[in-house]
>>> print(open('final_28.txt').read())   # compact mmCIF, C-alpha atoms and all ligand atoms
# COMPACT_ATOMS: atom_id res chain seq x y z
CA MET A 578 118.04 119.25 100.24
CA SER A 579 115.01 117.31 99.15
CA THR A 580 114.62 118.67 95.63
CA THR A 581 115.29 116.43 92.72
CA THR A 582 117.63 117.58 90.01
CA GLN A 583 118.36 117.41 86.36
CA THR A 584 121.66 119.18 86.95
CA THR A 585 124.05 119.16 84.05
CA THR A 586 127.24 117.32 84.69
CA SER A 587 129.70 120.14 84.20
CA ARG A 588 129.20 121.57 87.68
CA ILE A 589 129.51 118.19 89.34
CA THR A 590 133.13 117.79 88.52
CA ALA A 591 134.03 121.45 88.05
CA SER A 592 135.98 121.41 91.28
CA GLU A 593 137.95 118.40 90.13
CA PRO A 594 140.03 119.48 87.15
CA GLU A 595 141.92 116.21 87.38
CA GLY A 596 138.64 114.32 87.57
CA LEU A 597 136.36 112.73 85.07
CA ASP A 598 135.43 115.93 83.25
CA ASN A 599 138.77 115.74 81.46
CA ASP A 600 138.65 112.00 81.03
CA SER A 601 139.07 110.74 77.49
CA ARG A 602 136.90 107.65 77.80
CA LEU A 603 134.38 108.22 80.60
CA GLU A 604 131.85 110.93 81.39
CA THR A 605 129.34 111.70 84.09
CA PHE A 606 125.64 111.64 83.30
CA ALA A 607 122.50 112.81 85.06
CA ILE A 608 120.24 110.06 86.39
CA PRO A 609 116.55 111.00 86.44
CA GLY A 610 115.37 111.39 90.02
CA SER A 611 118.84 111.87 91.44
CA ARG A 612 119.14 114.25 94.37
CA VAL A 613 121.49 116.97 95.53
CA ILE A 614 122.98 116.37 98.97
CA HIS A 615 125.24 119.00 100.47
CA GLY A 616 125.75 120.42 97.00
CA LYS A 617 126.65 117.11 95.35
CA VAL A 618 124.64 114.93 93.03
CA PHE A 619 123.55 111.61 94.53
CA PRO A 620 124.01 109.16 92.95
CA LEU A 621 126.53 110.14 90.29
CA GLY A 622 126.21 108.41 86.93
CA ILE A 623 129.43 107.49 85.14
CA ARG A 624 129.36 105.96 81.68
CA VAL A 625 131.57 105.12 78.78
CA LYS A 626 131.61 108.06 76.35
CA ASP A 627 129.87 107.84 73.01
CA GLY A 628 132.32 106.52 70.47
CA GLN A 629 134.45 104.87 73.16
CA SER A 630 134.27 101.24 74.14
CA PHE A 631 136.18 98.60 76.03
CA THR A 632 136.64 95.29 74.32
CA SER A 633 136.75 93.25 77.52
CA ALA A 634 136.19 93.49 81.25
CA ALA A 635 139.95 93.12 81.71
CA GLU A 636 140.61 96.18 79.55
CA ALA A 637 137.91 98.16 81.37
CA ALA A 638 139.36 97.06 84.71
CA SER A 639 142.83 98.24 83.83
CA TYR A 640 141.40 101.62 82.82
CA LEU A 641 139.39 101.86 86.05
CA GLU A 642 142.56 100.99 87.93
CA THR A 643 144.43 103.98 86.48
CA ILE A 644 141.65 106.16 87.90
CA ALA A 645 141.96 104.41 91.25
CA ARG A 646 145.69 105.16 91.29
CA ARG A 647 144.84 108.86 91.07
CA GLY A 648 142.62 108.50 94.15
CA LEU A 649 139.61 109.67 92.20
CA TRP A 650 137.24 106.85 93.19
CA ASN A 651 137.82 107.68 96.83
CA ASP A 652 137.07 111.33 96.16
CA LEU A 653 133.91 110.59 94.19
CA LEU A 654 132.62 108.15 96.80
CA ARG A 655 133.28 110.68 99.54
CA ASP A 656 131.51 113.47 97.63
CA HIS A 657 128.62 111.63 95.97
CA GLY A 658 128.04 108.58 98.18
CA ALA A 659 127.04 106.32 95.28
CA LEU A 660 128.22 105.87 91.70
CA LEU A 661 126.33 104.11 88.94
CA LEU A 662 128.69 102.75 86.26
CA ARG A 663 127.09 102.06 82.90
CA GLY A 664 128.28 100.94 79.49
CA PHE A 665 131.13 98.69 80.63
CA PRO A 666 131.48 95.16 79.23
CA THR A 667 130.42 93.48 82.46
CA ALA A 668 128.28 90.47 81.65
CA ASN A 669 128.91 87.98 84.44
CA ALA A 670 130.40 87.42 87.88
CA SER A 671 133.91 87.00 86.55
CA ASP A 672 133.76 90.38 84.77
CA PHE A 673 132.34 91.95 87.90
CA ASP A 674 135.18 90.47 89.95
CA LYS A 675 137.71 92.19 87.68
CA VAL A 676 135.93 95.52 88.01
CA VAL A 677 135.69 95.49 91.81
CA LYS A 678 139.37 94.63 92.14
CA ALA A 679 140.27 97.58 89.88
CA PHE A 680 139.13 99.99 92.58
CA LYS A 681 142.21 99.05 94.60
CA LEU A 682 140.45 99.08 97.95
CA PRO A 683 142.39 97.71 100.93
CA GLN A 684 140.83 94.21 101.04
CA PRO A 685 137.60 92.26 100.71
CA HIS A 686 135.55 92.63 103.84
CA ARG A 687 135.51 89.60 106.11
CA GLU A 688 131.92 89.11 107.17
CA ILE A 689 131.45 88.21 110.81
CA GLY A 690 128.01 87.34 112.11
CA LEU A 691 126.18 86.88 108.85
CA ALA A 692 122.44 86.84 109.45
CA GLY A 693 121.24 86.44 105.91
CA LYS A 694 121.47 84.06 103.01
CA ARG A 695 124.43 84.77 100.83
CA SER A 696 126.90 82.53 99.02
CA ILE A 697 130.19 82.98 97.20
CA VAL A 698 129.95 83.00 93.40
CA THR A 699 133.57 83.60 92.48
CA GLY A 700 136.53 85.48 93.92
CA ALA A 701 135.24 88.44 95.92
CA ILE A 702 131.72 88.11 94.49
CA LYS A 703 128.69 86.87 96.40
CA THR A 704 124.97 86.68 95.87
CA ALA A 705 123.36 89.81 97.31
CA ASN A 706 120.74 87.88 99.20
CA GLU A 707 118.89 84.69 98.48
CA GLU A 708 115.64 85.35 100.26
CA PRO A 709 112.47 85.06 98.13
CA PRO A 710 111.70 87.90 95.70
CA ASP A 711 108.59 89.04 97.56
CA VAL A 712 110.54 89.90 100.72
CA LYS A 713 111.12 93.61 101.13
CA PHE A 714 114.23 94.77 102.97
CA TYR A 715 114.13 98.15 104.65
CA TYR A 716 116.90 100.67 104.51
CA HIS A 717 120.00 99.79 106.45
CA SER A 718 123.70 100.44 106.57
CA GLU A 719 125.43 97.16 105.66
CA TYR A 720 126.28 95.48 108.98
CA GLY A 721 125.06 98.71 110.59
CA ARG A 722 123.95 96.56 113.52
CA SER A 723 127.54 95.51 114.08
CA ALA A 724 130.83 97.09 115.09
CA HIS A 725 132.45 95.32 112.11
CA PHE A 726 131.16 96.60 108.78
CA PRO A 727 132.37 97.09 105.20
CA GLY A 728 133.32 100.49 103.82
CA VAL A 729 132.38 100.08 100.18
CA LEU A 730 129.70 97.90 98.56
CA PHE A 731 129.48 96.96 94.91
CA PHE A 732 126.27 95.71 93.33
CA PHE A 733 126.15 94.25 89.84
CA SER A 734 122.96 93.88 87.87
CA GLU A 735 123.47 90.67 85.93
CA ILE A 736 119.82 89.97 85.08
CA VAL A 737 117.10 92.63 85.37
CA PRO A 738 113.71 91.21 86.36
CA ASP A 739 110.46 91.83 84.48
CA GLN A 740 109.15 94.09 87.22
CA GLY A 741 110.58 95.76 90.32
CA GLY A 742 113.89 94.88 91.89
CA GLN A 743 115.35 98.38 91.69
CA THR A 744 117.77 98.80 94.58
CA PRO A 745 116.62 101.64 96.85
CA LEU A 746 119.35 103.96 98.11
CA LEU A 747 119.21 106.94 100.43
CA SER A 748 121.80 109.36 101.69
CA SER A 749 122.45 108.75 105.39
CA LEU A 750 123.59 112.40 105.52
CA GLU A 751 120.25 113.61 104.17
CA LEU A 752 118.39 111.32 106.55
CA HIS A 753 120.31 112.81 109.46
CA ASP A 754 119.44 116.32 108.23
CA ARG A 755 115.76 115.49 107.85
CA LEU A 756 115.60 114.02 111.36
CA LYS A 757 117.22 117.17 112.68
CA GLU A 758 114.52 119.27 111.01
CA GLU A 759 111.52 117.11 111.78
CA LEU A 760 112.29 114.93 114.78
CA PRO A 761 114.99 116.76 116.73
CA ASP A 762 114.14 115.06 120.03
CA PHE A 763 114.41 111.63 118.44
CA LEU A 764 117.70 112.56 116.83
CA HIS A 765 118.96 113.87 120.17
CA ASP A 766 118.05 110.62 121.91
CA LEU A 767 119.70 108.57 119.18
CA THR A 768 122.83 110.71 119.33
CA THR A 769 123.19 110.73 123.09
CA LYS A 770 121.99 107.21 123.95
CA GLY A 771 122.95 105.14 120.93
CA VAL A 772 121.09 101.92 120.30
CA LEU A 773 121.15 98.41 121.74
CA GLY A 774 120.39 95.82 119.08
CA ARG A 775 119.62 92.17 119.66
CA GLN A 776 119.93 89.39 117.14
CA TYR A 777 118.71 85.84 117.46
CA PHE A 778 120.95 82.97 116.43
CA PRO A 779 119.56 79.45 116.94
CA ALA A 780 121.78 76.48 117.74
CA ARG A 781 122.90 74.68 114.60
CA ASP A 782 121.12 71.47 115.54
CA ASP A 783 117.89 73.26 116.40
CA PRO A 784 115.20 72.19 113.90
CA GLU A 785 114.41 75.89 113.41
CA ALA A 786 117.95 76.72 112.28
CA GLU A 787 117.56 75.61 108.70
CA HIS A 788 114.43 77.66 108.22
CA ILE A 789 115.97 80.71 109.89
CA GLY A 790 118.99 80.35 107.62
CA TRP A 791 121.80 80.98 110.07
CA ASN A 792 123.01 79.74 113.46
CA TRP A 793 125.54 80.85 116.02
CA LYS A 794 128.05 78.12 115.29
CA ASP A 795 128.42 79.01 111.60
CA SER A 796 128.24 82.75 112.20
CA TYR A 797 130.63 83.02 115.15
CA GLY A 798 132.12 79.61 115.91
CA PHE A 799 135.29 79.94 113.81
CA ASP A 800 137.49 78.64 116.61
CA ILE A 801 135.33 75.70 117.65
CA GLN A 802 137.07 72.32 117.33
CA PRO A 803 135.47 68.87 117.07
CA GLY A 804 134.93 67.56 120.57
CA ASP A 805 134.64 70.94 122.27
CA THR A 806 132.11 70.78 125.08
CA LYS A 807 129.11 73.07 124.97
CA GLU A 808 130.75 75.21 127.64
CA VAL A 809 133.94 75.59 125.59
CA GLN A 810 131.97 76.31 122.44
CA ARG A 811 130.10 79.07 124.22
CA GLN A 812 133.31 80.56 125.59
CA LYS A 813 134.84 80.62 122.11
CA VAL A 814 131.78 82.30 120.61
CA GLU A 815 131.76 84.86 123.42
CA GLN A 816 135.43 85.58 122.74
CA VAL A 817 134.80 86.21 119.04
CA LEU A 818 131.91 88.49 119.91
CA LYS A 819 133.99 90.41 122.41
CA ASP A 820 137.18 90.66 120.34
CA THR A 821 135.74 91.45 116.93
CA LEU A 822 132.43 93.12 117.65
CA GLN A 823 132.57 94.38 121.24
CA ALA A 824 129.28 92.49 121.57
CA ASP A 825 127.81 90.48 124.41
CA ALA A 826 126.23 87.03 124.41
CA GLU A 827 123.02 86.05 126.18
CA TRP A 828 122.45 82.30 126.05
CA GLN A 829 118.85 81.17 126.00
CA PRO A 830 117.29 78.05 127.58
CA ASN A 831 116.90 76.47 124.10
CA ASP A 832 120.64 76.98 123.45
CA ALA A 833 119.91 79.91 121.12
CA LEU A 834 122.12 82.96 121.35
CA HIS A 835 121.08 86.59 121.63
CA VAL A 836 123.86 88.87 120.40
CA LEU A 837 123.71 92.27 122.07
CA GLN A 838 125.32 95.18 120.28
CA ASN A 839 125.51 98.57 121.95
CA LEU A 840 126.45 101.05 119.27
CA PRO A 841 126.16 104.68 118.25
CA ALA A 842 123.30 105.40 115.86
CA ILE A 843 124.71 108.67 114.55
CA ARG A 844 128.35 108.89 113.51
CA ARG A 845 130.72 111.53 112.20
CA VAL A 846 132.48 110.81 108.91
CA ALA A 847 136.20 111.43 109.37
CA SER A 848 137.00 112.78 105.90
CA THR A 849 134.22 115.39 105.80
CA GLY A 850 133.08 115.93 109.39
CA GLU A 851 129.50 115.24 108.28
CA LEU A 852 127.02 113.43 110.52
CA SER A 853 125.60 110.18 109.22
CA PHE A 854 122.64 108.03 110.25
CA PHE A 855 124.54 104.75 110.39
CA ASN A 856 122.71 101.76 111.82
CA GLY A 857 120.19 99.09 110.94
CA PHE A 858 117.40 99.38 113.46
CA ALA A 859 114.75 100.88 111.16
CA GLY A 860 114.96 97.76 109.04
CA VAL A 861 114.69 95.53 112.08
CA TYR A 862 111.54 97.35 113.14
CA GLY A 863 110.00 97.36 109.66
CA ARG A 864 110.54 93.67 109.18
CA ALA A 865 109.21 92.89 112.67
CA ARG A 866 106.11 94.97 112.00
CA ASP A 867 105.49 93.25 108.65
CA CYS A 868 105.92 89.84 110.27
CA ARG A 869 103.71 90.76 113.24
CA ALA A 870 106.54 90.16 115.67
CA LEU A 871 106.39 93.33 117.76
CA GLU A 872 105.39 91.52 120.98
CA PRO A 873 107.28 88.87 122.98
CA PRO A 874 108.55 86.34 122.08
CA TYR A 875 109.04 88.37 118.85
CA LYS A 876 108.55 85.39 116.59
CA GLY A 877 107.06 86.42 113.28
CA VAL A 878 104.70 84.84 110.82
CA ASP A 879 107.85 84.10 108.81
CA GLY A 880 108.96 81.73 111.59
CA LYS A 881 111.93 83.96 112.46
CA TYR A 882 112.73 86.03 115.52
CA HIS A 883 112.76 89.82 115.26
CA LEU A 884 114.17 91.06 118.54
CA PRO A 885 113.55 94.76 119.11
CA THR A 886 116.25 97.39 119.23
CA THR A 887 116.11 99.75 122.19
CA TYR A 888 118.01 102.88 123.00
CA GLY A 889 121.43 102.16 124.42
CA ASP A 890 120.15 102.61 127.98
CA GLY A 891 117.51 99.92 127.43
CA SER A 892 114.59 102.33 127.09
CA THR A 893 112.02 101.83 124.34
CA ILE A 894 112.31 103.65 121.04
CA PRO A 895 108.81 105.13 120.49
CA THR A 896 106.83 103.44 117.72
CA ARG A 897 105.73 106.78 116.26
CA SER A 898 109.40 107.77 115.79
CA LEU A 899 110.13 104.47 114.07
CA GLU A 900 107.11 104.84 111.80
CA ARG A 901 108.07 108.38 110.84
CA LEU A 902 111.62 107.25 110.24
CA LEU A 903 110.40 104.65 107.73
CA GLU A 904 108.24 107.27 105.98
CA LEU A 905 111.10 109.75 105.84
CA SER A 906 113.39 107.10 104.41
CA ASP A 907 110.93 106.41 101.61
CA GLU A 908 110.51 110.14 100.95
CA ILE A 909 114.22 110.66 100.33
CA GLY A 910 114.93 107.30 98.71
CA PHE A 911 116.21 106.79 95.20
CA LEU A 912 115.58 103.67 93.12
CA VAL A 913 118.54 102.52 91.06
CA PRO A 914 117.13 102.05 87.52
CA TRP A 915 119.10 98.91 86.77
CA GLN A 916 120.12 97.98 83.28
CA ALA A 917 121.90 94.69 82.65
CA GLY A 918 125.63 95.18 83.15
CA ASP A 919 125.33 98.16 85.52
CA VAL A 920 127.59 98.34 88.54
CA ALA A 921 126.75 100.50 91.57
CA VAL A 922 129.50 101.51 93.98
CA ILE A 923 128.26 102.58 97.39
CA ASN A 924 129.93 104.34 100.27
CA ASN A 925 128.47 102.40 103.18
CA TYR A 926 129.41 105.23 105.57
CA THR A 927 127.04 107.70 103.96
CA VAL A 928 124.47 105.65 102.02
CA GLN A 929 121.86 103.15 103.14
CA HIS A 930 120.39 100.56 100.82
CA ALA A 931 117.28 98.39 100.75
CA ARG A 932 115.67 95.80 98.53
CA SER A 933 112.46 96.06 96.52
CA PRO A 934 110.44 92.97 95.68
CA TRP A 935 110.41 91.85 92.05
CA VAL A 936 108.69 89.59 89.57
CA GLY A 937 110.62 87.39 87.16
CA LYS A 938 114.23 86.30 87.09
CA ARG A 939 116.76 88.57 88.65
CA SER A 940 120.44 88.29 89.43
CA LEU A 941 122.05 90.95 91.57
CA LEU A 942 125.56 90.17 92.78
CA ALA A 943 127.46 91.92 95.54
CA SER A 944 130.99 92.50 96.72
CA LEU A 945 131.87 93.94 100.13
CA TRP A 946 135.15 95.71 100.75
CA ASP A 947 137.00 97.47 103.50
CA GLY A 948 137.52 101.04 102.38
CA ASN A 949 139.56 104.07 103.35
CA GLU A 950 136.90 105.98 105.31
CA LYS A 951 136.59 106.11 109.09
CA PHE A 952 134.15 107.31 111.70
CA VAL A 953 135.28 109.61 114.49
CA PRO A 954 133.42 110.40 117.70
CA VAL A 955 130.38 112.65 117.36
FE FE B 1 122.37 94.90 102.88
>>> encode(input="final_28.txt", output="structure tokens")
Amino acid sequence: MSTTTQTTTSRITASEPEGLDNDSRLETFAIPGSRVIHGKVFPLGIRVKDGQSFTSAAEAASYLETIARRGLWNDLLRDHGALLLRGFPTANASDFDKVVKAFKLPQPHREIGLAGKRSIVTGAIKTANEEPPDVKFYYHSEYGRSAHFPGVLFFFSEIVPDQGGQTPLLSSLELHDRLKEELPDFLHDLTTKGVLGRQYFPARDDPEAEHIGWNWKDSYGFDIQPGDTKEVQRQKVEQVLKDTLQADAEWQPNDALHVLQNLPAIRRVASTGELSFFNGFAGVYGRARDCRALEPPYKGVDGKYHLPTTYGDGSTIPTRSLERLLELSDEIGFLVPWQAGDVAVINNYTVQHARSPWVGKRSLLASLWDGNEKFVPV
């Protein structure tokens, strides 16, 4: 599973006679360094054929929509996990907005419990993340620490930086397989115990809140009204946590909130029956390690709190397993070789993403959608 491939494209779509191999305007292409996962190329490159062109994003979007109506995007995302679209006339956020809507997914994902810096650009388009360019993000499933997560992610490369900034992707299916081969006891513990994640949300009026970048009132206090007492505010936040995330609240003496999420770490994908490593705890550990926040009170040199994830029963996840997990993730990772105008479409159920540092000006935009996939019990 770990070999790289230069596979020609004919085999990729050979089982899909109604797919892109017969398409008049688009074709698949091999991306150097792509991998083969369960017999399918990951990621799959899709580009506008030589001699074909779209005169506008609107025209491209209406063409992409005809493909969506055939259900082909769903099939390709299920089979390949990630698609890299190249050669379309996508130059800015408004073009990108047209393209994402052409996929005809159920609806934009409503983010609950944002713990990152992200703002709306236009329509369903947001900045990917506004943290400084030297901050590395480890692999994670988007909102993999939460019970409420998007199904499909779109990334748009508006401006490619001078150096770095390639978006790392890995197959969560391959990561599961590699853990099974190399760390079966760890995988067994993850599968049987699940994980208990903790996230720190300061109070909005805490002087630390601005530096941290989020607070419990903005992230969860949708129902809070002016004049609500602290007690009522807390009850409303607890209700949102319970109803939307099946999460628990632990209030701290400084009025900060710890959100406790007890979730599976390994899930079964409904449409294929495959097992996927779906969570975000490796990233939490990696960031905590980098910020020297592995000991109580888990406050890092970045001035933020990095609360450790445990197994679901509260027992410690061994550091050596976490370290090996990070190594394995890097071994099977793929760096998206961004060109300006590229759009990546990612099945969040089967693909984890990360962020590489960069030098220079970069603009990567994102759009999060609810999809058609589901998880079923392992
Ligand atoms: Fe992310």
>>> closest_residue(input="final_28.txt", among="A:Pro885, A:Pro745, A:Pro779, A:Pro710", to="ligand FE 1 (chain B)", atoms="only C-alpha atoms and all ligand atoms")
A:Pro745
>>> residues_around(input="final_28.txt", residues="range 740-742 of chain A", least_positions_apart="2", cutoff="7 Å", atoms="only C-alpha atoms", output="count of residues only")
8
>>> residues_around(input="final_28.txt", residues="Gln629 in chain A", least_positions_apart="5", cutoff="12 Å", atoms="all atoms listed in the file", output="VMD selection string")
chain A and resid 600 to 604 624 637 664 to 666
>>> closest_residue(input="final_28.txt", among="A:Glu719, A:Asp825, A:Glu787, A:Glu815", to="Asp800 in chain A", atoms="only C-alpha atoms")
A:Glu815
>>> residues_near_ligand(input="final_28.txt", ligand="ligand FE 1 (chain B)", cutoff="10 Å", atoms="all atoms listed in the file", output="PyMOL selection string")
chain A and resi 693+705-706+714-721+730+857+925+929-932+943+945
>>> atom_distance(input="final_28.txt", atom1="CA of Ile801 in chain A", atom2="CA of Phe778 in chain A")
16.2 Å
>>> residues_around(input="final_28.txt", residues="range 746-751 of chain A", least_positions_apart="4", cutoff="9 Å", atoms="all atoms listed in the file", output="ChimeraX atom specification")
/A:578-579,614-615,619-620,658-659,716,718,755-756,851-855,906-907,909-913,926-932
